[in-house]
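Novice: Just target.cif, nothing more (mmCIF, C-alpha atoms):
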```
data_target
loop_
_atom_site.label_atom_id
_atom_site.label_comp_id
_atom_site.auth_asym_id
_atom_site.auth_seq_id
_atom_site.Cartn_x
_atom_site.Cartn_y
_atom_site.Cartn_z
CA MET T 665 -124.48 46.45 205.96
CA ARG T 666 -126.25 44.41 208.62
CA ASN T 667 -123.61 45.32 211.22
CA SER T 668 -123.96 48.99 210.28
CA LYS T 669 -127.71 48.83 210.83
CA LEU T 670 -127.27 47.21 214.22
CA SER T 671 -124.73 49.82 215.18
CA THR T 672 -127.07 52.61 214.11
CA CYS T 673 -129.91 51.13 216.17
CA ALA T 674 -127.63 50.95 219.20
CA VAL T 675 -126.61 54.58 218.76
CA LEU T 676 -130.24 55.66 218.43
CA ALA T 677 -131.03 53.74 221.62
CA LEU T 678 -128.19 55.59 223.34
CA LEU T 679 -129.58 58.96 222.27
CA THR T 680 -133.06 58.09 223.51
CA GLY T 681 -131.83 56.99 226.92
CA ALA T 682 -131.46 53.21 226.64
CA VAL T 683 -127.90 53.55 227.95
CA ASN T 684 -127.95 55.26 231.33
CA PRO T 685 -124.80 56.70 232.94
CA ALA T 686 -123.97 55.56 236.45
CA VAL T 687 -125.08 57.72 239.34
CA ALA T 688 -121.63 59.23 239.72
CA ALA T 689 -119.72 62.09 238.11
CA PRO T 690 -117.15 62.63 235.36
CA MET T 691 -113.52 62.86 236.39
CA HIS T 692 -111.55 65.91 235.29
CA PRO T 693 -109.29 64.76 232.41
CA ALA T 694 -106.33 66.51 234.05
CA ALA T 695 -106.79 64.15 237.01
CA VAL T 696 -107.83 60.88 235.32
CA ALA T 697 -107.56 59.93 231.67
CA PRO T 698 -110.63 58.27 230.12
CA PRO T 699 -110.41 54.47 230.01
CA GLY T 700 -109.42 52.80 226.77
CA SER T 701 -107.52 53.88 223.68
CA TYR T 702 -109.12 55.45 220.62
CA SER T 703 -108.35 56.36 217.04
CA ALA T 704 -107.23 59.84 216.08
CA GLN T 705 -110.61 60.33 214.36
CA VAL T 706 -112.58 59.60 217.55
CA LEU T 707 -110.36 61.90 219.58
CA ASN T 708 -110.91 64.57 216.94
CA ASP T 709 -114.70 64.11 217.15
CA PHE T 710 -115.21 63.86 220.94
CA ALA T 711 -113.97 65.05 224.29
CA LEU T 712 -113.89 61.98 226.55
CA LEU T 713 -113.99 61.71 230.35
CA ALA T 714 -113.75 58.89 232.87
CA ASP T 715 -116.39 58.11 235.49
CA SER T 716 -115.66 58.48 239.20
CA ASP T 717 -117.14 55.07 240.10
CA ASN T 718 -117.46 52.87 237.01
CA PRO T 719 -114.10 52.10 235.34
CA ASN T 720 -115.90 50.78 232.25
CA LEU T 721 -117.93 53.93 231.56
CA VAL T 722 -116.77 56.69 229.19
CA TYR T 723 -118.54 60.04 229.03
CA PHE T 724 -118.47 61.92 225.72
CA VAL T 725 -119.02 65.48 224.51
CA PRO T 726 -119.33 65.86 220.71
CA LYS T 727 -117.03 68.47 219.22
CA LEU T 728 -119.12 68.92 216.06
CA GLY T 729 -122.90 68.89 215.62
CA ASN T 730 -125.32 69.63 212.81
CA LEU T 731 -129.02 69.75 211.97
CA ALA T 732 -131.16 67.17 213.73
CA VAL T 733 -132.58 64.55 211.34
CA GLN T 734 -135.72 62.43 211.64
CA SER T 735 -135.75 58.83 210.36
CA PRO T 736 -131.97 58.73 209.74
CA GLN T 737 -132.09 55.05 208.68
CA SER T 738 -134.71 55.61 205.98
CA PRO T 739 -133.88 56.20 202.28
CA ALA T 740 -135.03 59.81 202.68
CA PRO T 741 -134.08 61.25 206.11
CA ILE T 742 -136.01 64.35 207.09
CA PRO T 743 -133.93 67.33 208.24
CA ARG T 744 -135.51 69.43 210.98
CA PHE T 745 -135.04 72.63 209.02
CA GLN T 746 -137.14 75.00 206.90
CA ILE T 747 -136.14 77.97 204.75
CA ASN T 748 -138.37 80.26 202.65
CA SER T 749 -138.68 83.76 201.28
CA TYR T 750 -140.49 86.44 203.28
CA TYR T 751 -141.67 89.88 202.12
CA PRO T 752 -142.34 92.32 204.99
CA PRO T 753 -145.67 94.09 204.46
CA SER T 754 -144.41 97.25 206.18
CA GLY T 755 -141.37 98.78 207.81
CA VAL T 756 -137.89 99.68 206.57
CA LEU T 757 -137.62 96.58 204.38
CA GLN T 758 -141.17 96.62 203.05
CA GLY T 759 -141.52 94.50 199.90
CA MET T 760 -137.90 93.24 199.95
CA GLU T 761 -137.11 89.51 199.83
CA LEU T 762 -135.87 88.35 203.22
CA THR T 763 -135.07 84.77 204.16
CA SER T 764 -137.03 83.06 206.94
CA LEU T 765 -135.38 79.95 208.35
CA GLY T 766 -135.53 77.83 211.46
CA GLY T 767 -134.61 74.43 212.72
CA THR T 768 -133.08 72.23 215.38
CA LEU T 769 -129.36 71.79 215.87
CA SER T 770 -128.16 68.54 217.46
CA PRO T 771 -124.75 67.87 219.07
CA THR T 772 -125.18 64.18 218.16
CA ALA T 773 -126.28 64.62 214.54
CA ASP T 774 -123.20 62.77 213.26
CA LEU T 775 -124.32 59.17 213.79
CA ALA T 776 -121.26 57.85 211.95
CA ALA T 777 -118.99 59.47 214.51
CA LEU T 778 -121.08 58.03 217.35
CA GLN T 779 -120.98 54.59 215.74
CA ARG T 780 -117.20 54.83 215.53
CA LEU T 781 -116.90 55.79 219.19
CA GLN T 782 -119.33 53.10 220.28
CA THR T 783 -117.55 50.41 218.23
CA GLU T 784 -114.11 51.28 219.56
CA ALA T 785 -115.39 51.42 223.14
CA ALA T 786 -117.32 48.14 222.84
CA ARG T 787 -114.23 46.33 221.57
CA GLN T 788 -112.55 47.23 224.85
CA GLY T 789 -115.53 46.24 227.00
CA LEU T 790 -116.48 49.87 227.64
CA GLN T 791 -119.83 51.66 227.65
CA ILE T 792 -120.42 55.22 226.45
CA ALA T 793 -122.85 57.91 227.66
CA PRO T 794 -123.29 61.66 227.05
CA ALA T 795 -121.55 63.65 229.77
CA PRO T 796 -123.78 65.19 232.47
CA VAL T 797 -123.46 68.98 232.37
CA LYS T 798 -124.09 71.69 234.92
CA SER T 799 -124.90 74.36 232.37
CA ALA T 800 -124.91 75.02 228.64
CA ARG T 801 -124.45 78.31 226.82
CA THR T 802 -125.12 78.55 223.08
CA THR T 803 -123.68 81.43 221.08
CA PHE T 804 -124.90 81.96 217.53
CA ASN T 805 -122.36 83.24 215.01
CA LEU T 806 -124.36 85.40 212.65
CA PHE T 807 -121.58 86.49 210.31
CA ALA T 808 -118.27 84.82 209.47
CA GLN T 809 -115.50 85.21 206.95
CA GLN T 810 -112.93 82.44 206.81
CA SER T 811 -109.27 83.15 207.75
CA LEU T 812 -109.75 86.80 208.71
CA THR T 813 -107.49 87.73 211.62
CA GLY T 814 -106.67 90.88 213.55
CA ARG T 815 -108.32 94.22 212.89
CA VAL T 816 -110.23 93.83 209.62
CA ASP T 817 -110.79 96.50 206.98
CA THR T 818 -114.29 97.88 207.57
CA GLN T 819 -116.43 100.54 205.90
CA CYS T 820 -119.54 101.94 207.57
CA GLU T 821 -122.10 104.36 206.20
CA VAL T 822 -125.59 105.52 207.04
CA GLU T 823 -128.38 104.62 204.64
CA GLU T 824 -131.72 106.42 204.49
CA PHE T 825 -134.99 104.53 204.12
CA ILE T 826 -138.44 106.01 203.56
CA ILE T 827 -141.11 104.17 205.55
CA THR T 828 -144.71 104.53 204.35
CA PHE T 829 -147.41 103.83 206.93
CA PRO T 830 -150.92 102.48 206.07
CA ASN T 831 -152.41 105.96 206.49
CA GLY T 832 -150.03 107.30 203.84
CA ASN T 833 -147.67 109.13 206.20
CA GLN T 834 -143.97 108.76 205.45
CA VAL T 835 -140.96 108.83 207.74
CA THR T 836 -137.28 108.87 206.75
CA GLN T 837 -135.25 106.40 208.84
CA ARG T 838 -131.44 106.46 208.99
CA VAL T 839 -129.81 103.02 209.47
CA PRO T 840 -126.05 102.41 209.94
CA LYS T 841 -124.60 99.73 207.66
CA CYS T 842 -121.09 98.24 207.85
CA ARG T 843 -119.18 96.08 205.36
CA VAL T 844 -116.04 93.99 205.89
CA ARG T 845 -113.36 93.35 203.25
CA ASP T 846 -113.03 89.62 202.56
CA LEU T 847 -109.97 87.70 201.35
CA ASP T 848 -110.87 88.43 197.72
CA GLY T 849 -110.78 92.17 198.39
CA ASN T 850 -114.56 92.61 198.22
CA PHE T 851 -116.57 94.39 200.88
CA VAL T 852 -119.21 92.05 202.30
CA ASP T 853 -122.21 93.18 204.31
CA SER T 854 -121.65 92.12 207.93
CA ASN T 855 -125.31 92.63 208.78
CA VAL T 856 -127.03 89.27 208.46
CA VAL T 857 -129.99 89.08 210.81
CA TYR T 858 -133.24 91.00 210.77
CA LYS T 859 -134.83 88.96 213.61
CA PHE T 860 -133.53 86.08 215.66
CA THR T 861 -134.74 83.88 218.55
CA SER T 862 -133.48 80.60 219.99
CA VAL T 863 -134.18 78.08 222.73
CA PRO T 864 -130.85 77.01 224.27
CA ALA T 865 -129.88 73.61 225.61
CA PRO T 866 -131.09 73.25 229.23
CA ALA T 867 -128.86 73.32 232.30
CA ASN T 868 -128.40 70.25 234.53
CA SER T 869 -128.82 67.88 231.60
CA THR T 870 -126.46 65.98 229.31
CA ALA T 871 -124.23 67.02 226.41
CA ASN T 872 -126.62 65.72 223.73
CA GLN T 873 -129.40 68.31 224.12
CA ASN T 874 -130.77 70.03 221.01
CA VAL T 875 -130.92 73.77 220.31
CA THR T 876 -133.80 75.26 218.31
CA PHE T 877 -133.76 78.62 216.52
CA GLN T 878 -135.78 80.92 214.26
CA ALA T 879 -134.17 83.64 212.13
CA MET T 880 -134.98 86.22 209.51
CA LEU T 881 -131.97 87.16 207.35
CA LEU T 882 -131.59 90.44 205.47
CA PRO T 883 -132.18 90.78 201.70
CA ASP T 884 -128.48 90.96 200.78
CA TRP T 885 -128.13 87.30 201.83
CA THR T 886 -131.13 85.87 199.95
CA GLN T 887 -129.39 84.96 196.70
CA SER T 888 -126.39 83.54 198.54
CA LEU T 889 -128.67 81.30 200.62
CA LYS T 890 -130.57 80.16 197.52
CA ASP T 891 -127.24 79.11 195.99
CA THR T 892 -126.29 77.37 199.23
CA MET T 893 -129.52 75.36 199.26
CA LEU T 894 -129.15 74.50 195.57
CA PHE T 895 -125.86 72.68 196.17
CA GLY T 896 -126.23 71.58 199.81
CA ASP T 897 -123.32 73.77 200.92
CA ASN T 898 -122.68 74.92 204.49
CA PHE T 899 -124.12 78.05 206.11
CA ASP T 900 -120.92 78.99 207.93
CA ALA T 901 -120.71 82.48 206.41
CA SER T 902 -124.20 83.43 207.57
CA LEU T 903 -125.24 81.26 210.53
CA SER T 904 -123.61 78.73 212.85
CA ALA T 905 -123.50 78.20 216.60
CA THR T 906 -121.30 76.98 219.43
CA THR T 907 -122.55 75.36 222.63
CA GLU T 908 -120.20 75.63 225.59
CA TRP T 909 -120.88 72.88 228.11
CA LEU T 910 -119.81 73.39 231.72
CA ILE T 911 -119.12 70.07 233.44
CA SER T 912 -118.64 69.83 237.19
CA ALA T 913 -115.85 67.26 237.14
CA ASN T 914 -114.40 65.41 240.11
CA THR T 915 -110.73 65.50 241.00
CA LEU T 916 -108.52 62.92 242.65
CA THR T 917 -108.29 62.54 246.42
CA ARG T 918 -104.67 63.22 247.30
CA GLN T 919 -102.51 62.39 250.28
CA ALA T 920 -100.30 64.46 252.58
CA ARG T 921 -97.87 63.21 255.23
CA LEU T 922 -97.57 65.06 258.54
CA THR T 923 -94.56 64.87 260.84
CA ILE T 924 -95.78 66.33 264.16
CA ASN T 925 -93.83 67.53 267.19
CA TRP T 926 -96.71 67.70 269.64
CA GLN T 927 -94.88 69.79 272.25
CA SER T 928 -93.99 72.45 269.67
CA LEU T 929 -97.45 72.30 268.14
CA PHE T 930 -99.11 72.86 271.54
CA GLU T 931 -96.75 75.79 272.12
CA GLN T 932 -97.97 77.27 268.82
CA ALA T 933 -101.61 76.70 269.80
CA SER T 934 -101.07 78.09 273.32
CA ALA T 935 -99.49 81.29 272.03
CA TYR T 936 -102.22 81.70 269.45
CA THR T 937 -105.14 81.25 271.84
CA ALA T 938 -103.47 83.51 274.43
CA PHE T 939 -103.35 86.26 271.83
CA HIS T 940 -107.13 85.78 271.38
CA LEU T 941 -107.80 85.95 275.17
CA ASN T 942 -107.89 82.13 275.36
CA SER T 943 -111.23 82.04 273.54
CA CYS T 944 -111.29 81.58 269.75
CA VAL T 945 -114.20 81.55 267.34
CA GLU T 946 -114.51 79.33 264.26
CA ILE T 947 -112.83 81.71 261.82
CA GLU T 948 -109.87 82.17 264.16
CA ILE T 949 -109.37 78.41 264.45
CA SER T 950 -109.37 78.16 260.65
CA ALA T 951 -106.79 80.93 260.51
CA PHE T 952 -104.59 79.00 262.97
CA PHE T 953 -104.49 75.93 260.74
CA GLU T 954 -103.78 78.08 257.69
CA ARG T 955 -100.90 79.58 259.67
CA ILE T 956 -99.31 76.24 260.53
CA ALA T 957 -99.85 74.98 256.97
CA THR T 958 -97.74 77.86 255.65
CA CYS T 959 -95.16 77.80 258.44
CA GLN T 960 -91.60 77.33 257.21
CA GLY T 961 -88.82 75.69 259.22
CA GLY T 962 -90.02 72.19 260.07
CA THR T 963 -91.26 70.57 263.26
CA THR T 964 -89.20 72.50 265.82
CA PRO T 965 -90.40 76.07 265.14
CA CYS T 966 -93.74 75.13 263.51
CA GLY T 967 -94.73 71.98 265.33
CA ILE T 968 -95.53 70.30 262.01
CA PHE T 969 -93.83 69.45 258.71
CA ILE T 970 -96.05 68.69 255.71
CA GLU T 971 -95.13 66.62 252.66
CA TYR T 972 -97.32 66.04 249.62
CA ARG T 973 -97.53 62.83 247.64
CA GLN T 974 -96.93 63.30 243.92
CA ALA T 975 -98.30 61.27 241.01
CA ASP T 976 -95.10 59.23 240.74
CA GLY T 977 -95.30 58.20 244.43
CA THR T 978 -92.56 60.50 245.69
CA TRP T 979 -93.02 63.17 248.36
CA THR T 980 -92.34 66.89 248.26
CA ASP T 981 -92.74 69.76 250.73
CA ARG T 982 -93.83 72.08 247.91
CA ALA T 983 -97.51 72.97 248.41
CA PRO T 984 -99.88 72.39 245.45
CA SER T 985 -102.23 74.88 243.81
CA ASP T 986 -104.38 77.35 245.75
CA ALA T 987 -107.55 75.24 245.38
CA ASN T 988 -105.77 72.20 246.76
CA PHE T 989 -104.15 74.27 249.49
CA ASN T 990 -107.55 75.34 250.82
CA ALA T 991 -108.54 71.67 250.93
CA ILE T 992 -105.33 70.88 252.82
CA VAL T 993 -106.13 73.50 255.47
CA GLU T 994 -109.57 71.91 255.96
CA ALA T 995 -108.00 68.44 256.17
CA LEU T 996 -105.52 69.67 258.79
CA LYS T 997 -108.35 71.19 260.76
CA ASP T 998 -110.44 68.01 260.58
CA SER T 999 -107.49 65.86 261.71
CA LEU T 1000 -105.95 68.00 264.46
CA GLN T 1001 -108.66 70.30 265.82
CA GLU T 1002 -109.96 67.87 268.45
CA GLU T 1003 -106.42 67.12 269.63
CA LEU T 1004 -105.60 70.80 270.20
CA PHE T 1005 -108.86 72.52 271.12
CA THR T 1006 -112.03 71.98 273.10
CA LYS T 1007 -115.20 73.12 271.35
CA ILE T 1008 -117.83 74.80 273.52
CA GLN T 1009 -121.36 75.54 272.30
CA ALA T 1010 -122.49 78.90 273.65
CA VAL T 1011 -125.99 80.39 273.40
CA ASN T 1012 -126.14 84.12 272.78
CA GLY T 1013 -128.47 85.67 275.34
CA PRO T 1014 -131.55 84.39 277.16
CA VAL T 1015 -133.83 84.61 274.11
CA SER T 1016 -131.63 83.68 271.14
CA THR T 1017 -131.25 80.00 270.35
CA GLN T 1018 -128.50 80.66 267.77
CA PRO T 1019 -125.48 78.63 268.92
CA THR T 1020 -121.94 79.93 268.49
CA ALA T 1021 -118.85 77.73 268.69
CA ILE T 1022 -116.11 78.85 271.09
CA PHE T 1023 -112.75 77.06 271.24
CA THR T 1024 -110.32 76.84 274.16
CA LEU T 1025 -106.98 75.09 274.39
CA ARG T 1026 -107.36 71.42 275.26
CA ALA T 1027 -105.43 69.76 278.09
CA ASN T 1028 -104.36 66.79 275.97
CA TYR T 1029 -102.19 64.88 278.45
CA GLU T 1030 -101.54 62.00 276.07
CA LYS T 1031 -100.14 64.10 273.22
CA ILE T 1032 -98.46 66.93 275.09
CA VAL T 1033 -96.07 64.59 276.91
CA THR T 1034 -95.05 62.82 273.68
CA THR T 1035 -91.35 63.35 273.08
CA ARG T 1036 -91.05 61.59 269.72
CA ASN T 1037 -92.31 63.02 266.45
CA GLU T 1038 -95.47 61.35 265.20
CA VAL T 1039 -96.06 60.67 261.52
CA MET T 1040 -99.64 60.58 260.24
CA SER T 1041 -101.39 60.80 256.87
CA ILE T 1042 -104.34 62.94 255.78
CA ALA T 1043 -106.40 62.91 252.60
CA TYR T 1044 -107.56 66.06 250.83
CA ASN T 1045 -109.55 66.87 247.73
CA GLN T 1046 -110.21 70.26 246.14
CA GLY T 1047 -113.70 69.09 245.21
CA PRO T 1048 -115.43 69.50 241.84
CA ALA T 1049 -113.43 71.43 239.24
CA PRO T 1050 -115.04 73.08 236.20
CA PHE T 1051 -114.30 71.56 232.79
CA ASN T 1052 -115.45 73.27 229.61
CA ALA T 1053 -116.06 71.47 226.32
CA ASN T 1054 -117.44 73.03 223.15
CA THR T 1055 -119.67 71.70 220.38
CA ALA T 1056 -119.58 73.57 217.06
CA LEU T 1057 -123.03 73.41 215.44
CA ASN T 1058 -123.17 73.86 211.67
CA ILE T 1059 -125.76 73.64 208.91
CA ASP T 1060 -125.17 71.77 205.63
CA CYS T 1061 -126.33 68.68 203.71
CA VAL T 1062 -129.74 70.23 202.97
CA THR T 1063 -131.19 71.18 199.59
CA GLY T 1064 -134.43 72.70 198.31
CA GLY T 1065 -136.38 75.24 200.30
CA PHE T 1066 -137.69 78.61 199.01
CA GLY T 1067 -141.00 77.10 198.02
CA TYR T 1068 -139.75 73.51 197.68
CA PRO T 1069 -139.49 70.78 200.33
CA VAL T 1070 -136.20 70.78 202.22
CA MET T 1071 -134.42 67.49 201.49
CA TYR T 1072 -131.44 65.77 203.07
CA ASP T 1073 -128.63 65.44 200.51
CA MET T 1074 -128.29 61.66 200.15
CA ASN T 1075 -126.24 62.11 196.96
CA ASN T 1076 -123.32 63.33 199.07
CA PRO T 1077 -121.35 60.39 200.54
CA ALA T 1078 -120.29 62.48 203.56
CA CYS T 1079 -123.92 63.34 204.27
CA ARG T 1080 -124.99 59.71 203.96
CA ALA T 1081 -122.24 58.66 206.38
CA ARG T 1082 -123.40 61.23 208.88
CA VAL T 1083 -126.78 59.52 209.20
CA GLY T 1084 -125.14 56.10 209.45
CA GLN T 1085 -125.72 54.93 205.87
#
```
What's the structure tokens form of this structure?

Specialist:
Amino acid sequence: MRNSKLSTCAVLALLTGAVNPAVAAPMHPAAVAPPGSYSAQVLNDFALLADSDNPNLVYFVPKLGNLAVQSPQSPAPIPRFQINSYYPPSGVLQGMELTSLGGTLSPTADLAALQRLQTEAARQGLQIAPAPVKSARTTFNLFAQQSLTGRVDTQCEVEEFIITFPNGNQVTQRVPKCRVRDLDGNFVDSNVVYKFTSVPAPANSTANQNVTFQAMLLPDWTQSLKDTMLFGDNFDASLSATTEWLISANTLTRQARLTINWQSLFEQASAYTAFHLNSCVEIEISAFFERIATCQGGTTPCGIFIEYRQADGTWTDRAPSDANFNAIVEALKDSLQEELFTKIQAVNGPVSTQPTAIFTLRANYEKIVTTRNEVMSIAYNQGPAPFNANTALNIDCVTGGFGYPVMYDMNNPACRARVGQ
């Protein structure tokens, strides 16, 4: 038990910032696998990413979260959640029993899962940290029926309500109401929420940020929620959430091999600049390098033959994806532009100080008289690539409410394990 306590303390220190990720960026998992090997349970609980600079750092994104809990190591952890009855004093549902609930959902509520990840990483000399994220979008699921697929059987009707105002005036209000047939053949009201607000996880943060919410659920759900709180069951049928984290992940720097026939390449450049009256602007120079990058036929007609290094170390003349191709064009331009063209800074008019780049063909005596093909290498990188990882946020392991204190269900072994006990 002593080791468990130490592990829990270390996890809590991680969540409060005692473990700081390196000033770098996650690597896209399609480019670099995370360091280390992990159990099937850890891989089921987390999305893992490598770091661009530190080979001993592993970023994580939890796949499953729950209610945030205060004092998780105490005999009576305190869930950050409240649920009570509410009777509207006026309006369509005047005098009916609604359910008022609110709380804080945490992606890192499962301390047992974090302990498992931390233990397995530590055994391999690795450090863990929540992944830095560019943005986070939380979607609340306010009605769910398990295993329903396709177009479900639905019945909708309009109900009339009489609203009585304080001055005694009455108004008849028509409200549409739809029900969905569940797997037992019963029609269940798909309207759950009367009012709802939430504060989402912030952008430019890390994948361990909490989400707070406040909700008012309709009367048809009151008894069901009372039963749920009596037994500590989950709220999946009425309320859950999913946070989609957008991570700006790095990709590998790749290598291309150029075989250049300088005489043919200068012929290509000469013909191109002549077509543009021997004076090209920036966008036209970029178009020239895109043209030679897509030229087919090798060094004689194109002036250049490009090969791309593959993961297994072999070379191919098949161009990679569009994103990488754009990076290749820029790499070609960076490597060959000064050999082929002279850049002139021109000022537009006597008043304007806005410079414009003009390019003319360069008299490159050294290269143009070269009769042998030259082989050179260039590096290219498509830059950051988006990587999405989701955290499902559920509510369970809480009892009481509706006039009684909300308690964390320590009688449930799965609930105890979640708080590291």

Novice: Here is a test: counting only C-alpha atoms, which residue of T:Glu954, T:Glu948, T:Asp846, T:Asp976 is nearest to Asp817 (chain T)?

Specialist: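 The closest residue to Asp817 (chain T) is T:Asp846.
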
Novice: Run the PyMOL selection byres ((chain T and resi 871) around 10) against the file shown and list the residues it catches, as a PyMOL selection string.

Specialist: chain T and resi 723-726+770-772+793-800+865-870+872-874+907-911+1053-1055

Novice: Would you translate the PyMOL selection byres ((chain T and resi 696) around 12) into the concrete set of residues it matches in this file, as a PDB file with C-alpha atoms, in the coordinates of the input?

Specialist:
```pdb
ATOM      1  CA  PRO T 690    -117.150  62.630 235.360  1.00  0.00           C
ATOM      2  CA  MET T 691    -113.520  62.860 236.390  1.00  0.00           C
ATOM      3  CA  HIS T 692    -111.550  65.910 235.290  1.00  0.00           C
ATOM      4  CA  PRO T 693    -109.290  64.760 232.410  1.00  0.00           C
ATOM      5  CA  ALA T 694    -106.330  66.510 234.050  1.00  0.00           C
ATOM      6  CA  ALA T 695    -106.790  64.150 237.010  1.00  0.00           C
ATOM      7  CA  ALA T 697    -107.560  59.930 231.670  1.00  0.00           C
ATOM      8  CA  PRO T 698    -110.630  58.270 230.120  1.00  0.00           C
ATOM      9  CA  PRO T 699    -110.410  54.470 230.010  1.00  0.00           C
ATOM     10  CA  GLY T 700    -109.420  52.800 226.770  1.00  0.00           C
ATOM     11  CA  LEU T 712    -113.890  61.980 226.550  1.00  0.00           C
ATOM     12  CA  LEU T 713    -113.990  61.710 230.350  1.00  0.00           C
ATOM     13  CA  ALA T 714    -113.750  58.890 232.870  1.00  0.00           C
ATOM     14  CA  ASP T 715    -116.390  58.110 235.490  1.00  0.00           C
ATOM     15  CA  SER T 716    -115.660  58.480 239.200  1.00  0.00           C
ATOM     16  CA  ASP T 717    -117.140  55.070 240.100  1.00  0.00           C
ATOM     17  CA  PRO T 719    -114.100  52.100 235.340  1.00  0.00           C
ATOM     18  CA  VAL T 722    -116.770  56.690 229.190  1.00  0.00           C
ATOM     19  CA  ALA T 913    -115.850  67.260 237.140  1.00  0.00           C
ATOM     20  CA  ASN T 914    -114.400  65.410 240.110  1.00  0.00           C
ATOM     21  CA  THR T 915    -110.730  65.500 241.000  1.00  0.00           C
ATOM     22  CA  LEU T 916    -108.520  62.920 242.650  1.00  0.00           C
ATOM     23  CA  THR T 917    -108.290  62.540 246.420  1.00  0.00           C
ATOM     24  CA  ALA T 975     -98.300  61.270 241.010  1.00  0.00           C
TER      25      ALA T 975
END
```

Novice: Determine the nearest neighbour of Asp981 (chain T) from the options T:Ile949, T:Ala920, T:Gly759, T:Cys944, counting all atoms listed in the file.

Specialist: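 With all atoms listed in the file as the atom set, the closest residue is T:Ala920.
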
Novice: Written as a PyMOL selection string, what is the full residue list that the PyMOL selection byres ((chain T and resi 989-1003) around 10) yields on the file shown?

Specialist: chain T and resi 918-920+922+926+930+949-958+970+972+983-988+1004-1007+1023+1025-1028+1030-1032+1040-1047

Novice: With all atoms listed in the file as the basis for distance, which of T:Glu946, T:Glu823, T:Asp709, T:Glu971 is at the shortest distance from Ile1022 (chain T)?

Specialist: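 Looking at the shortest contact to Ile1022 (chain T), the residue is T:Glu946.
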
Novice: Taking only C-alpha atoms into account, name the residue in T:Ala689, T:Thr1024, T:Ser703, T:Thr836 that is nearest to Ala938 (chain T).

Specialist: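 Checking each candidate against Ala938 (chain T), we get T:Thr1024 as the closest.
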
Novice: Env of Leu881 (chain T): 7 Å cut, atoms = only C-alpha atoms, seq-sep filter 4 positions within chain, self excluded. Answer as a ChimeraX atom specification.

Specialist: /T:762-764,856-858,885

Novice: Please save C-alpha atoms of the selected residues as a PDB file, in the frame of the given file.

Specialist:
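Done, and the output landed in result_34.pdb:
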```pdb
ATOM      1  CA  LEU T 762    -135.870  88.350 203.220  1.00  0.00           C
ATOM      2  CA  THR T 763    -135.070  84.770 204.160  1.00  0.00           C
ATOM      3  CA  SER T 764    -137.030  83.060 206.940  1.00  0.00           C
ATOM      4  CA  VAL T 856    -127.030  89.270 208.460  1.00  0.00           C
ATOM      5  CA  VAL T 857    -129.990  89.080 210.810  1.00  0.00           C
ATOM      6  CA  TYR T 858    -133.240  91.000 210.770  1.00  0.00           C
ATOM      7  CA  TRP T 885    -128.130  87.300 201.830  1.00  0.00           C
TER       8      TRP T 885
END
```

Novice: Do a neighbour search on Arg787 (chain T) at 12 Å with all atoms listed in the file, toss out local chain neighbours closer than 6 positions, and write the hits as a list in words.

Specialist: Gly700, Ser701, Tyr702, Asn720, Arg780 and Leu781 of chain T

Novice: Using all atoms listed in the file, pick whichever of T:Ile792, T:Leu894, T:Ala786, T:Ala773 has the shortest atom-to-atom distance to Cys1079 (chain T).

Specialist: T:Ala773

Novice: Could you state the separation of CA of Asp891 (chain T) and CA of Asn1058 (chain T) in Å, given to one decimal place?

Specialist: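 Going from CA of Asp891 (chain T) over to CA of Asn1058 (chain T), I get 17.0 Å.
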
Novice: Which polymer residues have any atom within 6 Å of an atom of region 860-864 of chain T, counting only C-alpha atoms, with same-chain residues fewer than 6 positions away left out, as JSON, numbers by chain?

Specialist: {"T": [875, 876, 877, 878, 879]}

Novice: Would you save the residues from that selection as a PDB file, in the frame of the given file, using C-alpha atoms?

Specialist:
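part_31.pdb, written as the output of this step:
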```pdb
ATOM      1  CA  VAL T 875    -130.920  73.770 220.310  1.00  0.00           C
ATOM      2  CA  THR T 876    -133.800  75.260 218.310  1.00  0.00           C
ATOM      3  CA  PHE T 877    -133.760  78.620 216.520  1.00  0.00           C
ATOM      4  CA  GLN T 878    -135.780  80.920 214.260  1.00  0.00           C
ATOM      5  CA  ALA T 879    -134.170  83.640 212.130  1.00  0.00           C
TER       6      ALA T 879
END
```

Novice: Which protein, DNA or RNA residues are at most 12 Å from (-123.5, 63.1, 207.1) in the file's coordinates when you count only C-alpha atoms, listed as a PyMOL selection string?

Specialist: chain T and resi 728-733+736-737+741+743+772-778+896+1058-1062+1072-1085

Novice: Report, in Å with one decimal, the straight-line distance from CA of Leu765 (chain T) to CA of Ser902 (chain T).

Specialist: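 Taking CA of Leu765 (chain T) and CA of Ser902 (chain T), their separation equals 11.7 Å.
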
Novice: How big is the axis-aligned box around all listed atoms of region 726-742 of chain T once 3 Å goes on each side, and where's its centre, in Å to one decimal, as AutoDock Vina command-line options?

Specialist:
```
--center_x -126.5 --center_y 62.4 --center_z 211.5 --size_x 25.0 --size_y 20.7 --size_z 24.4
```

Novice: Would you kindly return, as a PDB file with C-alpha atoms, keeping the file's coordinate frame, each protein, DNA or RNA residue with an atom no farther than 8 Å from any atom of Met893 (chain T), considering all atoms listed in the file and excluding same-chain residues fewer than 2 positions away?

Specialist:
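Wrote out-v4.pdb, looks like this:
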```pdb
ATOM      1  CA  LEU T 889    -128.670  81.300 200.620  1.00  0.00           C
ATOM      2  CA  LYS T 890    -130.570  80.160 197.520  1.00  0.00           C
ATOM      3  CA  ASP T 891    -127.240  79.110 195.990  1.00  0.00           C
ATOM      4  CA  PHE T 895    -125.860  72.680 196.170  1.00  0.00           C
ATOM      5  CA  GLY T 896    -126.230  71.580 199.810  1.00  0.00           C
ATOM      6  CA  ASP T 897    -123.320  73.770 200.920  1.00  0.00           C
ATOM      7  CA  VAL T1062    -129.740  70.230 202.970  1.00  0.00           C
ATOM      8  CA  THR T1063    -131.190  71.180 199.590  1.00  0.00           C
ATOM      9  CA  GLY T1064    -134.430  72.700 198.310  1.00  0.00           C
ATOM     10  CA  GLY T1065    -136.380  75.240 200.300  1.00  0.00           C
TER      11      GLY T1065
END
```
